[in-house]
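**Q** For reference, this is protein.cif, and it has mmCIF, C-alpha atoms.
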data_data
loop_
_atom_site.label_atom_id
_atom_site.label_comp_id
_atom_site.auth_asym_id
_atom_site.auth_seq_id
_atom_site.Cartn_x
_atom_site.Cartn_y
_atom_site.Cartn_z
CA MET A 551 19.63 -25.23 -9.57
CA SER A 552 23.25 -25.50 -10.63
CA GLY A 553 25.92 -22.85 -10.11
CA GLY A 554 27.85 -20.76 -12.67
CA ASP A 555 26.39 -19.35 -15.88
CA ALA A 556 23.87 -22.16 -16.18
CA GLY A 557 22.63 -21.39 -12.68
CA ARG A 558 22.38 -17.72 -13.49
CA ASP A 559 20.45 -18.47 -16.69
CA ARG A 560 18.11 -20.68 -14.75
CA PHE A 561 17.67 -17.93 -12.16
CA GLU A 562 16.74 -15.44 -14.90
CA ASP A 563 14.38 -18.03 -16.27
CA LEU A 564 12.48 -18.58 -13.03
CA ALA A 565 12.66 -15.27 -11.16
CA ALA A 566 9.39 -13.83 -12.48
CA ALA A 567 7.46 -17.05 -11.89
CA TYR A 568 8.90 -17.16 -8.37
CA ALA A 569 7.79 -13.57 -7.74
CA LEU A 570 4.28 -14.49 -8.89
CA GLY A 571 4.18 -17.62 -6.74
CA ALA A 572 3.94 -19.68 -9.93
CA LEU A 573 6.65 -22.27 -9.33
CA GLY A 574 5.91 -25.82 -8.26
CA ASP A 575 7.14 -26.79 -4.79
CA GLU A 576 10.31 -28.49 -5.97
CA GLU A 577 11.31 -25.67 -8.32
CA ARG A 578 10.58 -23.11 -5.62
CA ARG A 579 12.78 -24.87 -3.11
CA GLY A 580 15.60 -25.10 -5.66
CA PHE A 581 15.23 -21.43 -6.52
CA GLU A 582 15.30 -20.38 -2.87
CA ALA A 583 18.38 -22.49 -2.23
CA TYR A 584 20.15 -20.81 -5.15
CA LEU A 585 19.05 -17.41 -3.89
CA ALA A 586 20.40 -18.17 -0.43
CA GLU A 587 23.79 -18.89 -1.99
CA HIS A 588 23.66 -15.73 -4.13
CA PRO A 589 22.21 -12.97 -1.92
CA GLN A 590 23.30 -10.33 -4.44
CA LEU A 591 20.37 -11.49 -6.59
CA GLN A 592 17.86 -10.73 -3.84
CA ALA A 593 17.32 -7.15 -5.04
CA GLU A 594 16.27 -8.32 -8.49
CA VAL A 595 13.79 -10.77 -7.01
CA GLU A 596 12.45 -8.07 -4.72
CA GLU A 597 11.91 -5.71 -7.67
CA LEU A 598 9.90 -8.33 -9.49
CA GLY A 599 8.09 -9.14 -6.24
CA GLU A 600 7.06 -5.52 -5.78
CA ALA A 601 5.57 -5.48 -9.25
CA ALA A 602 3.79 -8.79 -8.63
CA ARG A 603 2.31 -7.60 -5.34
CA LEU A 604 0.78 -4.61 -7.11
CA LEU A 605 -1.60 -7.05 -8.78
CA ALA A 606 -3.37 -7.37 -5.42
CA LEU A 607 -4.66 -3.81 -5.91
CA ALA A 608 -6.11 -4.46 -9.36
CA PRO A 609 -9.38 -6.32 -8.69
CA GLN A 610 -12.71 -4.56 -8.85
CA GLU A 611 -13.64 -3.52 -5.33
CA TYR A 612 -16.40 -5.14 -3.31
CA GLU A 613 -17.66 -4.22 0.13
CA PRO A 614 -17.26 -7.18 2.51
CA PRO A 615 -20.52 -8.23 4.20
CA PRO A 616 -21.01 -6.85 7.75
CA ASP A 617 -21.31 -10.40 9.11
CA LEU A 618 -17.71 -11.05 8.18
CA ARG A 619 -16.47 -8.23 10.41
CA ARG A 620 -18.74 -9.25 13.25
CA ASN A 621 -17.75 -12.92 13.11
CA LEU A 622 -14.09 -12.11 12.87
CA LEU A 623 -14.11 -9.71 15.79
CA ASP A 624 -16.15 -12.12 17.92
CA ARG A 625 -13.55 -14.78 17.25
CA VAL A 626 -10.64 -12.49 17.96
CA GLY A 627 -12.33 -11.05 21.05
CA GLY A 628 -12.75 -14.58 22.36
CA GLU A 629 -9.10 -15.39 21.73
CA ALA A 630 -8.00 -12.20 23.44
CA GLY A 631 -10.05 -13.20 26.47
CA THR A 632 -11.39 -9.71 26.81
CA ALA A 633 -14.56 -7.92 25.94
CA PHE A 634 -14.09 -6.39 22.56
CA ALA A 635 -13.61 -2.64 22.57
CA ASP A 636 -14.46 -1.18 19.20
CA HIS A 637 -11.88 1.24 17.90
CA ARG A 638 -14.62 3.62 16.94
CA GLN A 639 -15.32 4.21 20.61
CA ARG A 640 -11.69 4.82 21.41
CA SER A 641 -8.90 5.55 18.99
CA ARG A 642 -5.86 3.32 18.77
CA LEU A 643 -3.65 6.09 20.01
CA GLY A 644 -6.14 6.86 22.75
CA ALA A 645 -5.98 3.27 23.92
CA LEU A 646 -2.22 3.54 24.04
CA ILE A 647 -1.63 6.79 25.84
CA GLY A 648 -4.95 7.77 27.41
CA PRO A 649 -6.86 11.05 27.25
CA ALA A 650 -4.33 13.09 29.21
CA GLY A 651 -1.49 12.00 26.99
CA LEU A 652 -3.51 12.75 23.91
CA GLY A 653 -4.08 16.28 25.07
CA MET A 654 -0.38 16.79 25.65
CA ALA A 655 0.57 15.33 22.29
CA ALA A 656 -2.02 17.40 20.46
CA ALA A 657 -0.77 20.51 22.20
CA ALA A 658 2.83 19.67 21.29
CA LEU A 659 1.82 19.19 17.67
CA ALA A 660 0.07 22.56 17.66
CA VAL A 661 3.24 24.11 19.03
CA LEU A 662 5.22 22.31 16.37
CA VAL A 663 3.01 23.71 13.60
CA GLY A 664 3.58 27.18 14.97
CA LEU A 665 7.30 26.63 15.14
CA VAL A 666 7.47 25.30 11.61
CA VAL A 667 5.44 28.18 10.23
CA TRP A 668 7.54 30.61 12.22
CA ASN A 669 10.68 28.94 10.96
CA LEU A 670 9.49 29.29 7.39
CA SER A 671 8.74 32.95 7.94
CA LEU A 672 12.33 33.43 8.98
CA GLN A 673 13.85 32.23 5.76
CA ASP A 674 15.43 35.63 5.21
CA SER A 675 16.47 36.19 8.82
CA ASN A 676 19.76 35.25 10.34
CA GLU A 677 20.86 31.65 10.58
CA GLU A 678 21.33 31.77 14.33
CA LEU A 679 17.66 32.49 14.94
CA ARG A 680 16.63 29.73 12.59
CA ALA A 681 18.92 27.30 14.40
CA ASP A 682 17.14 28.14 17.67
CA VAL A 683 13.82 27.35 16.04
CA ARG A 684 15.11 24.06 14.68
CA GLU A 685 16.29 23.11 18.16
CA LEU A 686 12.88 23.91 19.61
CA GLN A 687 11.25 21.81 16.91
CA GLY A 688 13.54 18.93 17.78
CA GLU A 689 12.64 19.22 21.44
CA ALA A 690 8.95 19.24 20.67
CA LEU A 691 9.36 16.13 18.57
CA ARG A 692 11.56 14.32 21.07
CA ALA A 693 9.28 15.11 23.99
CA ASP A 694 6.35 13.52 22.27
CA ALA A 695 8.07 11.02 20.04
CA GLU A 696 5.83 8.22 21.24
CA GLU A 697 2.61 10.18 21.01
CA ILE A 698 3.06 11.66 17.53
CA ARG A 699 2.74 9.27 14.63
CA THR A 700 4.66 10.23 11.50
CA TYR A 701 4.31 9.11 7.89
CA GLU A 702 6.94 9.78 5.25
CA LEU A 703 6.00 12.01 2.32
CA ARG A 704 7.75 11.19 -0.94
CA GLY A 705 7.88 13.36 -4.01
CA SER A 706 7.16 12.29 -7.57
CA GLY A 707 6.98 13.76 -11.05
CA ALA A 708 7.87 17.45 -11.11
CA ALA A 709 8.49 17.30 -7.34
CA SER A 710 10.53 14.10 -7.32
CA GLY A 711 13.17 15.77 -5.13
CA ALA A 712 10.64 16.80 -2.48
CA HIS A 713 10.23 14.98 0.81
CA GLY A 714 8.64 15.49 4.20
CA GLN A 715 6.32 14.07 6.79
CA VAL A 716 2.69 13.95 7.84
CA MET A 717 2.35 13.99 11.61
CA THR A 718 -0.70 13.19 13.70
CA THR A 719 -1.66 12.46 17.27
CA GLY A 720 -4.91 10.85 16.22
CA GLU A 721 -6.81 13.81 17.65
CA GLY A 722 -7.00 17.28 16.16
CA PRO A 723 -5.70 18.12 12.72
CA ALA A 724 -2.66 16.36 11.29
CA VAL A 725 0.27 18.42 10.03
CA LEU A 726 2.14 18.24 6.75
CA VAL A 727 5.74 19.44 6.55
CA ALA A 728 7.54 19.31 3.20
CA GLN A 729 10.98 20.33 1.98
CA ASP A 730 12.49 20.95 -1.45
CA LEU A 731 9.07 21.59 -2.93
CA PRO A 732 9.18 23.69 -6.14
CA PRO A 733 7.31 27.02 -5.94
CA ALA A 734 3.73 26.88 -7.16
CA PRO A 735 3.45 28.33 -10.71
CA GLU A 736 1.61 31.62 -11.15
CA GLY A 737 -2.12 31.15 -10.61
CA GLN A 738 -1.72 27.80 -8.86
CA VAL A 739 -1.54 26.56 -5.30
CA TYR A 740 -0.69 23.27 -3.61
CA GLU A 741 -3.70 21.30 -2.41
CA ALA A 742 -3.61 18.43 0.07
CA TRP A 743 -5.92 15.40 -0.24
CA VAL A 744 -6.87 12.61 2.13
CA LEU A 745 -7.71 9.43 0.24
CA HIS A 746 -10.15 6.78 1.41
CA ASP A 747 -9.87 3.74 -0.84
CA GLY A 748 -8.52 5.97 -3.56
CA VAL A 749 -11.29 8.58 -3.27
CA PRO A 750 -9.78 12.01 -2.58
CA GLN A 751 -11.17 14.42 -0.01
CA PRO A 752 -9.91 18.04 -0.13
CA ALA A 753 -7.69 18.75 2.89
CA GLY A 754 -6.49 22.32 2.50
CA LEU A 755 -4.44 24.68 0.35
CA PHE A 756 -0.90 25.87 1.01
CA GLU A 757 2.07 27.56 -0.60
CA PRO A 758 5.71 26.88 0.11
CA THR A 759 7.91 29.55 1.62
CA GLY A 760 11.17 29.19 -0.21
CA GLU A 761 11.33 25.45 -0.85
CA SER A 762 9.61 24.40 2.38
CA ALA A 763 6.00 24.20 3.43
CA ALA A 764 3.95 23.50 6.54
CA ALA A 765 0.19 23.10 6.62
CA THR A 766 -2.53 21.54 8.69
CA ILE A 767 -4.46 18.71 7.08
CA GLU A 768 -8.06 19.85 7.15
CA ALA A 769 -9.65 16.42 6.90
CA PRO A 770 -9.58 13.51 9.36
CA LEU A 771 -7.05 10.75 8.72
CA GLU A 772 -9.08 8.10 10.54
CA GLY A 773 -9.68 5.23 8.13
CA ALA A 774 -7.78 6.95 5.31
CA ASP A 775 -5.04 5.19 3.39
CA THR A 776 -3.07 8.04 1.81
CA VAL A 777 -2.30 11.74 2.05
CA ALA A 778 -1.42 13.27 -1.33
CA VAL A 779 -0.61 16.72 -2.70
CA THR A 780 -1.29 18.15 -6.17
CA LEU A 781 -1.07 21.55 -7.84
CA GLU A 782 -4.48 23.16 -8.38
CA PRO A 783 -5.94 26.52 -9.51
CA ASP A 784 -5.52 29.36 -7.01
CA GLU A 785 -8.92 28.94 -5.38
CA GLY A 786 -8.44 25.19 -4.98
CA SER A 787 -10.42 22.38 -6.56
CA PRO A 788 -13.06 19.94 -5.28
CA MET A 789 -11.29 17.12 -7.16
CA PRO A 790 -7.64 16.69 -8.17
CA THR A 791 -6.93 17.90 -11.67
CA SER A 792 -3.20 17.24 -11.97
CA ASP A 793 -0.53 14.67 -11.18
CA VAL A 794 0.30 13.72 -7.62
CA LEU A 795 3.46 15.46 -6.42
CA LEU A 796 3.70 14.19 -2.85
CA THR A 797 2.36 10.96 -1.38
CA ALA A 798 2.32 9.56 2.16
CA PRO A 799 0.85 6.04 2.56
CA LEU A 800 -0.79 5.87 5.99
CA ALA A 801 -0.79 2.11 6.39
CA MET B 994 1.03 -3.59 14.59
CA ALA B 995 2.73 -3.71 17.97
CA LEU B 996 -0.70 -3.28 19.57
CA VAL B 997 -2.20 -6.10 17.50
CA GLU B 998 0.74 -8.28 18.48
CA GLY B 999 0.02 -7.41 22.09
CA GLY B 1000 -3.54 -8.66 21.78
CA ASP B 1001 -5.34 -5.33 21.36
CA SER B 1002 -8.57 -6.35 19.67
CA GLY B 1003 -9.62 -2.71 19.25
CA THR B 1004 -6.53 -2.06 17.15
CA PHE B 1005 -7.27 -5.21 15.20
CA ALA B 1006 -10.74 -3.82 14.39
CA GLY B 1007 -9.11 -0.69 13.03
CA LEU B 1008 -6.79 -2.81 10.93
CA TYR B 1009 -9.73 -4.71 9.51
CA ASP B 1010 -11.66 -1.51 8.77
CA ARG B 1011 -8.68 -0.10 6.91
CA HIS B 1012 -7.74 -3.17 4.87
CA GLY B 1013 -10.79 -5.45 4.92
CA ARG B 1014 -12.25 -4.06 1.70
CA ALA B 1015 -9.05 -4.54 -0.29
CA ALA B 1016 -8.59 -8.00 1.23
CA TYR B 1017 -12.15 -9.02 0.39
CA SER B 1018 -11.83 -7.68 -3.16
CA LEU B 1019 -8.66 -9.70 -3.73
CA ALA B 1020 -10.23 -12.78 -2.16
CA TYR B 1021 -13.34 -12.43 -4.30
CA ARG B 1022 -11.19 -12.09 -7.42
CA MET B 1023 -9.32 -15.25 -6.54
CA ALA B 1024 -12.16 -17.37 -5.19
CA GLY B 1025 -14.78 -16.22 -7.68
CA GLU B 1026 -17.68 -16.44 -5.24
CA ARG B 1027 -18.87 -14.77 -2.07
CA GLN B 1028 -18.77 -17.50 0.57
CA ALA B 1029 -15.30 -18.70 -0.39
CA ALA B 1030 -14.06 -15.09 -0.37
CA GLU B 1031 -15.51 -14.55 3.11
CA ASP B 1032 -13.86 -17.71 4.41
CA LEU B 1033 -10.56 -16.67 2.88
CA VAL B 1034 -10.63 -13.20 4.44
CA HIS B 1035 -11.77 -14.58 7.79
CA ASP B 1036 -8.90 -17.06 7.92
CA ALA B 1037 -6.35 -14.57 6.61
CA PHE B 1038 -7.23 -11.97 9.25
CA LEU B 1039 -7.01 -14.63 11.95
CA ASP B 1040 -3.49 -15.25 10.65
CA VAL B 1041 -2.83 -11.52 10.91
CA TRP B 1042 -4.13 -11.53 14.50
CA ARG B 1043 -2.03 -14.50 15.51
CA ALA B 1044 1.13 -13.59 13.60
CA ALA B 1045 1.25 -9.81 14.01
CA GLY B 1046 4.70 -10.18 15.55
CA SER B 1047 6.11 -11.43 12.27
CA TYR B 1048 5.27 -8.17 10.46
CA LYS B 1049 8.42 -6.28 9.45
CA ALA B 1050 7.82 -2.63 8.59
CA GLU B 1051 11.01 -2.45 6.54
CA ARG B 1052 9.62 -5.07 4.15
CA GLY B 1053 6.58 -3.07 3.13
CA SER B 1054 3.34 -1.54 4.30
CA VAL B 1055 0.79 -3.26 6.52
CA ARG B 1056 -1.58 -3.36 3.56
CA THR B 1057 0.97 -5.24 1.44
CA TRP B 1058 1.53 -7.69 4.28
CA VAL B 1059 -2.18 -8.31 4.82
CA LEU B 1060 -2.81 -8.77 1.09
CA SER B 1061 0.14 -11.16 0.86
CA ILE B 1062 -1.44 -13.32 3.54
CA VAL B 1063 -4.76 -13.28 1.69
CA HIS B 1064 -2.98 -14.12 -1.55
CA ASN B 1065 -0.93 -16.97 -0.09
CA ARG B 1066 -3.99 -18.50 1.53
CA GLY B 1067 -5.88 -18.08 -1.72
CA ILE B 1068 -3.16 -19.86 -3.69
CA ASP B 1069 -3.15 -22.73 -1.18
CA LYS B 1070 -6.89 -23.06 -1.53
CA LEU B 1071 -6.82 -22.93 -5.31
CA ARG B 1072 -4.14 -25.57 -5.47
CA SER B 1073 -5.89 -27.95 -3.14
CA ALA B 1074 -7.37 -31.03 -4.77
CA ALA B 1075 -10.94 -29.83 -4.24
CA SER B 1076 -10.29 -26.72 -6.27
CA ARG B 1077 -8.82 -28.47 -9.27
CA ARG B 1078 -12.16 -28.20 -11.00
CA ARG B 1079 -11.08 -24.85 -12.40
CA VAL B 1080 -11.96 -24.83 -16.02
CA GLN B 1081 -10.99 -23.23 -19.25
CA ASP B 1082 -13.72 -20.58 -19.14
CA ARG B 1083 -11.90 -18.85 -16.32
CA VAL B 1084 -9.06 -18.27 -18.75
CA GLU B 1085 -11.29 -16.19 -20.95
CA ALA B 1086 -12.82 -14.42 -17.96
CA THR B 1087 -9.42 -13.19 -16.81
CA ALA B 1088 -9.05 -10.95 -19.84
CA SER B 1089 -11.85 -8.66 -18.69
CA ILE B 1090 -9.66 -6.72 -16.29
CA SER B 1091 -7.85 -5.07 -19.16
CA GLN B 1092 -11.03 -3.24 -20.17
CA PRO B 1093 -11.41 0.06 -18.30
CA SER B 1094 -14.83 0.37 -16.68
CA GLU B 1095 -16.81 3.58 -16.70
CA THR B 1096 -16.35 3.81 -12.96
CA PHE B 1097 -12.64 3.47 -13.38
CA SER B 1098 -12.52 6.15 -16.02
CA GLU B 1099 -14.13 8.56 -13.60
CA ALA B 1100 -11.91 7.64 -10.69
CA TRP B 1101 -8.96 9.71 -9.78
CA ARG B 1102 -6.25 8.57 -12.10
CA ASN B 1103 -3.53 9.29 -9.62
CA SER B 1104 -4.72 7.14 -6.77
CA GLN B 1105 -2.54 4.12 -6.19
CA ARG B 1106 -5.22 1.67 -7.13
CA SER B 1107 -6.10 3.42 -10.36
CA GLN B 1108 -2.43 3.76 -11.26
CA VAL B 1109 -1.99 0.03 -10.86
CA ARG B 1110 -4.98 -0.57 -13.09
CA LYS B 1111 -3.61 1.88 -15.63
CA ALA B 1112 -0.28 0.08 -15.60
CA LEU B 1113 -2.11 -3.18 -16.31
CA GLU B 1114 -4.12 -1.61 -19.11
CA ASP B 1115 -0.85 -0.75 -20.81
CA LEU B 1116 0.25 -4.39 -20.84
CA PRO B 1117 -0.20 -6.48 -23.97
CA ALA B 1118 -3.20 -8.78 -23.42
CA GLU B 1119 -1.12 -11.94 -23.65
CA GLN B 1120 1.21 -10.79 -20.88
CA LEU B 1121 -1.68 -9.71 -18.65
CA GLN B 1122 -3.40 -13.03 -19.17
CA VAL B 1123 -0.35 -14.97 -18.01
CA LEU B 1124 0.13 -12.73 -14.95
CA GLU B 1125 -3.51 -13.10 -13.97
CA LEU B 1126 -3.56 -16.85 -14.37
CA ALA B 1127 -0.53 -17.08 -12.11
CA TYR B 1128 -1.42 -14.47 -9.49
CA PHE B 1129 -5.21 -14.73 -9.20
CA SER B 1130 -5.88 -18.29 -10.30
CA GLY B 1131 -2.85 -19.96 -8.74
CA TYR B 1132 -1.59 -21.80 -11.79
CA THR B 1133 2.09 -22.66 -12.01
CA HIS B 1134 3.98 -21.62 -15.11
CA THR B 1135 3.94 -25.22 -16.33
CA GLU B 1136 0.18 -25.43 -15.90
CA ILE B 1137 -0.29 -22.15 -17.75
CA ALA B 1138 1.80 -23.42 -20.65
CA ASP B 1139 -0.42 -26.52 -20.84
CA LEU B 1140 -3.60 -24.53 -20.48
CA LEU B 1141 -2.76 -22.07 -23.22
CA GLY B 1142 -0.91 -24.53 -25.44
CA LEU B 1143 2.25 -22.43 -25.35
CA PRO B 1144 5.91 -23.38 -24.98
CA LEU B 1145 7.00 -23.03 -21.34
CA GLY B 1146 9.69 -20.54 -22.38
CA THR B 1147 7.04 -18.26 -23.86
CA VAL B 1148 5.07 -18.26 -20.61
CA LYS B 1149 8.20 -17.47 -18.59
CA GLY B 1150 9.10 -14.67 -20.97
CA ARG B 1151 5.63 -13.11 -20.77
CA MET B 1152 5.73 -13.24 -16.99
CA ARG B 1153 9.08 -11.52 -16.87
CA LEU B 1154 8.21 -8.88 -19.47
CA GLY B 1155 4.86 -8.21 -17.84
CA LEU B 1156 6.33 -7.59 -14.39
CA LYS B 1157 9.15 -5.48 -15.83
CA LYS B 1158 6.64 -3.32 -17.71
CA ILE B 1159 4.54 -2.74 -14.59
CA ARG B 1160 7.67 -1.66 -12.77
CA ALA B 1161 8.75 0.55 -15.69
CA TYR B 1162 5.33 2.22 -15.76
CA PHE B 1163 5.86 3.56 -12.26
CA ASP B 1164 9.55 4.36 -12.75
CA ALA B 1165 8.89 6.30 -15.98
CA ARG B 1166 6.47 8.59 -14.17
CA GLY B 1167 8.73 9.11 -11.22
CA MET B 1168 6.13 7.46 -9.00
CA VAL B 1169 6.83 5.40 -5.93
CA VAL B 1170 5.84 1.77 -6.31
CA PRO B 1171 3.21 1.32 -3.60
CA GLY B 1172 4.82 -0.80 -0.92
#
As structure tokens, please, write out the structure in this file.

**A**
Amino acid sequence: MSGGDAGRDRFEDLAAAYALGALGDEERRGFEAYLAEHPQLQAEVEELGEAARLLALAPQEYEPPPDLRRNLLDRVGGEAGTAFADHRQRSRLGALIGPAGLGMAAAALAVLVGLVVWNLSLQDSNEELRADVRELQGEALRADAEEIRTYELRGSGAASGAHGQVMTTGEGPAVLVAQDLPPAPEGQVYEAWVLHDGVPQPAGLFEPTGESAAATIEAPLEGADTVAVTLEPDEGSPMPTSDVLLTAPLA
Amino acid sequence: MALVEGGDSGTFAGLYDRHGRAAYSLAYRMAGERQAAEDLVHDAFLDVWRAAGSYKAERGSVRTWVLSIVHNRGIDKLRSAASRRRVQDRVEATASISQPSETFSEAWRNSQRSQVRKALEDLPAEQLQVLELAYFSGYTHTEIADLLGLPLGTVKGRMRLGLKKIRAYFDARGMVVPG
């Protein structure tokens, strides 16, 4: 590809095809060389690439045959040179930190939930007390930083300014902490969902105190791909009935 | 992923259980038949096992990375000489995705997968067709132009507009593009 305006025009011309993997080898190499010389264009390519990669989620779903899993794990087990230990017998986190560590991490998370809830209950108390609580929360997190896995929650739609985290040790309930969440309208409550391949499982109701919220996730995260939050009628709902307001991909 | 990189086959099993279904569905869509899809997923997950160290969290989710490996392997396969028997009838078959199935209609419209499908439903059929021929069938833009009897510039334009509209669908609803 040439430089200057002609190069830029050519870039515009080929960027989408590049993002889709639809350039021939020679064109692709030329495009990548031009991109290397003009790194400011990388963001535009990445935006198109993100859209292209979404297509991978579009196909109708099929369950892979059990033989495929078995053959693959036999092969991998052989390459690892070890007897294969199925994750269903021992969680990934368990394999990493062992049963004793899991107990400690779970306990720390339980303490953290208490601290967060306590902190929220102190919204109207003095700032000094709340600062103490925040410090304790930080200590709990630091002490178990390796044992607690966190996933970022991002807001969307009416809660686009909201953010937070889902935290889990892999054992016991996970915890959701969110900030800048709008108050639930009269007659409604926030409901958490754990999604397995897009199928939602109810995971508990909660209401923010001020603009923050803390809640335990009342459904296992094992094998799930997303935690989401919607607004539902006061008594909750067996299926989501409104737009997603918070999402945390677990992958 | 650090555990997979370190040779933890138990963690690898968890990775497969979490992403195997999506990987197989993509492979089946690309390969068009069961055995080829199995081979594709098998080889792609071996790549994942052997190259776990190359995963960069800042570049997207593990799922996106795994599906990219499946997709790249699928494209290589489709473009190999043996696979050049692809025929015109696949062009017509690719349009079917734009029709919402009953199952889809009942699915939760806010799940990531259903949102992606909804975004694709909103695309004009001619743009969707071009995207599908490129992404799932592995045709280059030049080949698509030949196949559909269109000027190359038209194909490029449809690709660009199609991707921009998918992106705009998520942006307009304040939704995060699944990474």

**Q** Give me, please, the distance in Å between atom CA of Leu591 of chain A and atom CA of Arg558 of chain A, quoted to one decimal.

**A**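 Computing the Euclidean distance for atom CA of Leu591 of chain A and atom CA of Arg558 of chain A yields 9.5 Å.
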
**Q** Residues picked by the PyMOL selection byres ((chain B and resi 1013) around 9) here, as number ranges by chain?

**A** A: 613-614, 619; B: 1008-1012, 1014-1018, 1034, 1038

**Q** Could those residues be written to a file, using C-alpha atoms, as a short mmCIF file (atom, residue, chain, number, x, y, z; two decimals), in the coordinates of the input?

**A**
data_model
loop_
_atom_site.label_atom_id
_atom_site.label_comp_id
_atom_site.auth_asym_id
_atom_site.auth_seq_id
_atom_site.Cartn_x
_atom_site.Cartn_y
_atom_site.Cartn_z
CA GLU A 613 -17.66 -4.22 0.13
CA PRO A 614 -17.26 -7.18 2.51
CA ARG A 619 -16.47 -8.23 10.41
CA LEU B 1008 -6.79 -2.81 10.93
CA TYR B 1009 -9.73 -4.71 9.51
CA ASP B 1010 -11.66 -1.51 8.77
CA ARG B 1011 -8.68 -0.10 6.91
CA HIS B 1012 -7.74 -3.17 4.87
CA ARG B 1014 -12.25 -4.06 1.70
CA ALA B 1015 -9.05 -4.54 -0.29
CA ALA B 1016 -8.59 -8.00 1.23
CA TYR B 1017 -12.15 -9.02 0.39
CA SER B 1018 -11.83 -7.68 -3.16
CA VAL B 1034 -10.63 -13.20 4.44
CA PHE B 1038 -7.23 -11.97 9.25
#

**Q** Distance limit 6 Å, atoms considered: all atoms listed in the file. Which chain B residues sit that close to chain A? Return them as a PyMOL selection string.

**A** chain B and resi 1000+1003-1004+1007+1011+1014+1017-1018+1054-1055+1104+1106+1110+1127-1128+1133-1134+1152-1153+1156+1160+1167-1168

**Q** Just how far from atom CA of Arg1072 of chain B is atom CA of Gln1122 of chain B, in Å to one decimal?

**A**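 So the answer is 18.6 Å.
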
**Q** So the first atom is atom CA of Asn1065 of chain B and the second is atom CA of Ala1037 of chain B; what is the distance between them in Å, to one decimal place?

**A**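 These two atoms are separated by 8.9 Å.
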
**Q** Of the residues B:Ile1062, B:Leu1019, B:Ala1006, B:Leu1140, which is the one nearest to Val1041 of chain B, using only C-alpha atoms?

**A**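 Among the listed residues, the smallest separation from Val1041 of chain B belongs to B:Ile1062.
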
**Q** At a cut-off of 7 Å, using only C-alpha atoms, what residues contact Thr718 of chain A? Leave out same-chain residues fewer than 3 positions from it and give the result as a compact mmCIF listing (two decimals) with C-alpha atoms, in the coordinates of the input.

**A**
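Dumped everything to selection_27.txt:
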# COMPACT_ATOMS: atom_id res chain seq x y z
CA ILE A 698 3.06 11.66 17.53
CA ARG A 699 2.74 9.27 14.63
CA THR A 700 4.66 10.23 11.50
CA ALA A 724 -2.66 16.36 11.29
CA VAL A 725 0.27 18.42 10.03

**Q** Here is a test: counting all atoms listed in the file, which residue of A:Pro758, A:Gly580, A:Pro770, A:Pro616 is nearest to Gln738 of chain A?

**A**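 Under the stated criterion, the closest residue is A:Pro758.
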
**Q** Could you state which residues are captured by the PyMOL selection byres ((chain B and resi 1116) around 12) in this file, as a tab-separated table (two decimals) with C-alpha atoms, in the frame of the given file?

**A**
chain	number	residue	atom	x	y	z
B	1088	ALA	CA	-9.05	-10.95	-19.84
B	1090	ILE	CA	-9.66	-6.72	-16.29
B	1091	SER	CA	-7.85	-5.07	-19.16
B	1092	GLN	CA	-11.03	-3.24	-20.17
B	1109	VAL	CA	-1.99	0.03	-10.86
B	1110	ARG	CA	-4.98	-0.57	-13.09
B	1111	LYS	CA	-3.61	1.88	-15.63
B	1112	ALA	CA	-0.28	0.08	-15.60
B	1113	LEU	CA	-2.11	-3.18	-16.31
B	1114	GLU	CA	-4.12	-1.61	-19.11
B	1115	ASP	CA	-0.85	-0.75	-20.81
B	1117	PRO	CA	-0.20	-6.48	-23.97
B	1118	ALA	CA	-3.20	-8.78	-23.42
B	1119	GLU	CA	-1.12	-11.94	-23.65
B	1120	GLN	CA	1.21	-10.79	-20.88
B	1121	LEU	CA	-1.68	-9.71	-18.65
B	1122	GLN	CA	-3.40	-13.03	-19.17
B	1123	VAL	CA	-0.35	-14.97	-18.01
B	1124	LEU	CA	0.13	-12.73	-14.95
B	1125	GLU	CA	-3.51	-13.10	-13.97
B	1151	ARG	CA	5.63	-13.11	-20.77
B	1152	MET	CA	5.73	-13.24	-16.99
B	1154	LEU	CA	8.21	-8.88	-19.47
B	1155	GLY	CA	4.86	-8.21	-17.84
B	1156	LEU	CA	6.33	-7.59	-14.39
B	1157	LYS	CA	9.15	-5.48	-15.83
B	1158	LYS	CA	6.64	-3.32	-17.71
B	1159	ILE	CA	4.54	-2.74	-14.59
B	1160	ARG	CA	7.67	-1.66	-12.77
B	1161	ALA	CA	8.75	0.55	-15.69
B	1162	TYR	CA	5.33	2.22	-15.76

**Q** Using the chain letters and residue numbers of this document, give as a tab-separated table (two decimals) with C-alpha atoms, in the frame of the given file the residues selected by the PyMOL selection byres ((chain B and resi 1058) around 10).

**A**
chain	number	residue	atom	x	y	z
A	603	ARG	CA	2.31	-7.60	-5.34
B	1041	VAL	CA	-2.83	-11.52	10.91
B	1045	ALA	CA	1.25	-9.81	14.01
B	1047	SER	CA	6.11	-11.43	12.27
B	1048	TYR	CA	5.27	-8.17	10.46
B	1049	LYS	CA	8.42	-6.28	9.45
B	1050	ALA	CA	7.82	-2.63	8.59
B	1052	ARG	CA	9.62	-5.07	4.15
B	1053	GLY	CA	6.58	-3.07	3.13
B	1054	SER	CA	3.34	-1.54	4.30
B	1055	VAL	CA	0.79	-3.26	6.52
B	1056	ARG	CA	-1.58	-3.36	3.56
B	1057	THR	CA	0.97	-5.24	1.44
B	1059	VAL	CA	-2.18	-8.31	4.82
B	1060	LEU	CA	-2.81	-8.77	1.09
B	1061	SER	CA	0.14	-11.16	0.86
B	1062	ILE	CA	-1.44	-13.32	3.54
B	1063	VAL	CA	-4.76	-13.28	1.69
B	1064	HIS	CA	-2.98	-14.12	-1.55
B	1172	GLY	CA	4.82	-0.80	-0.92
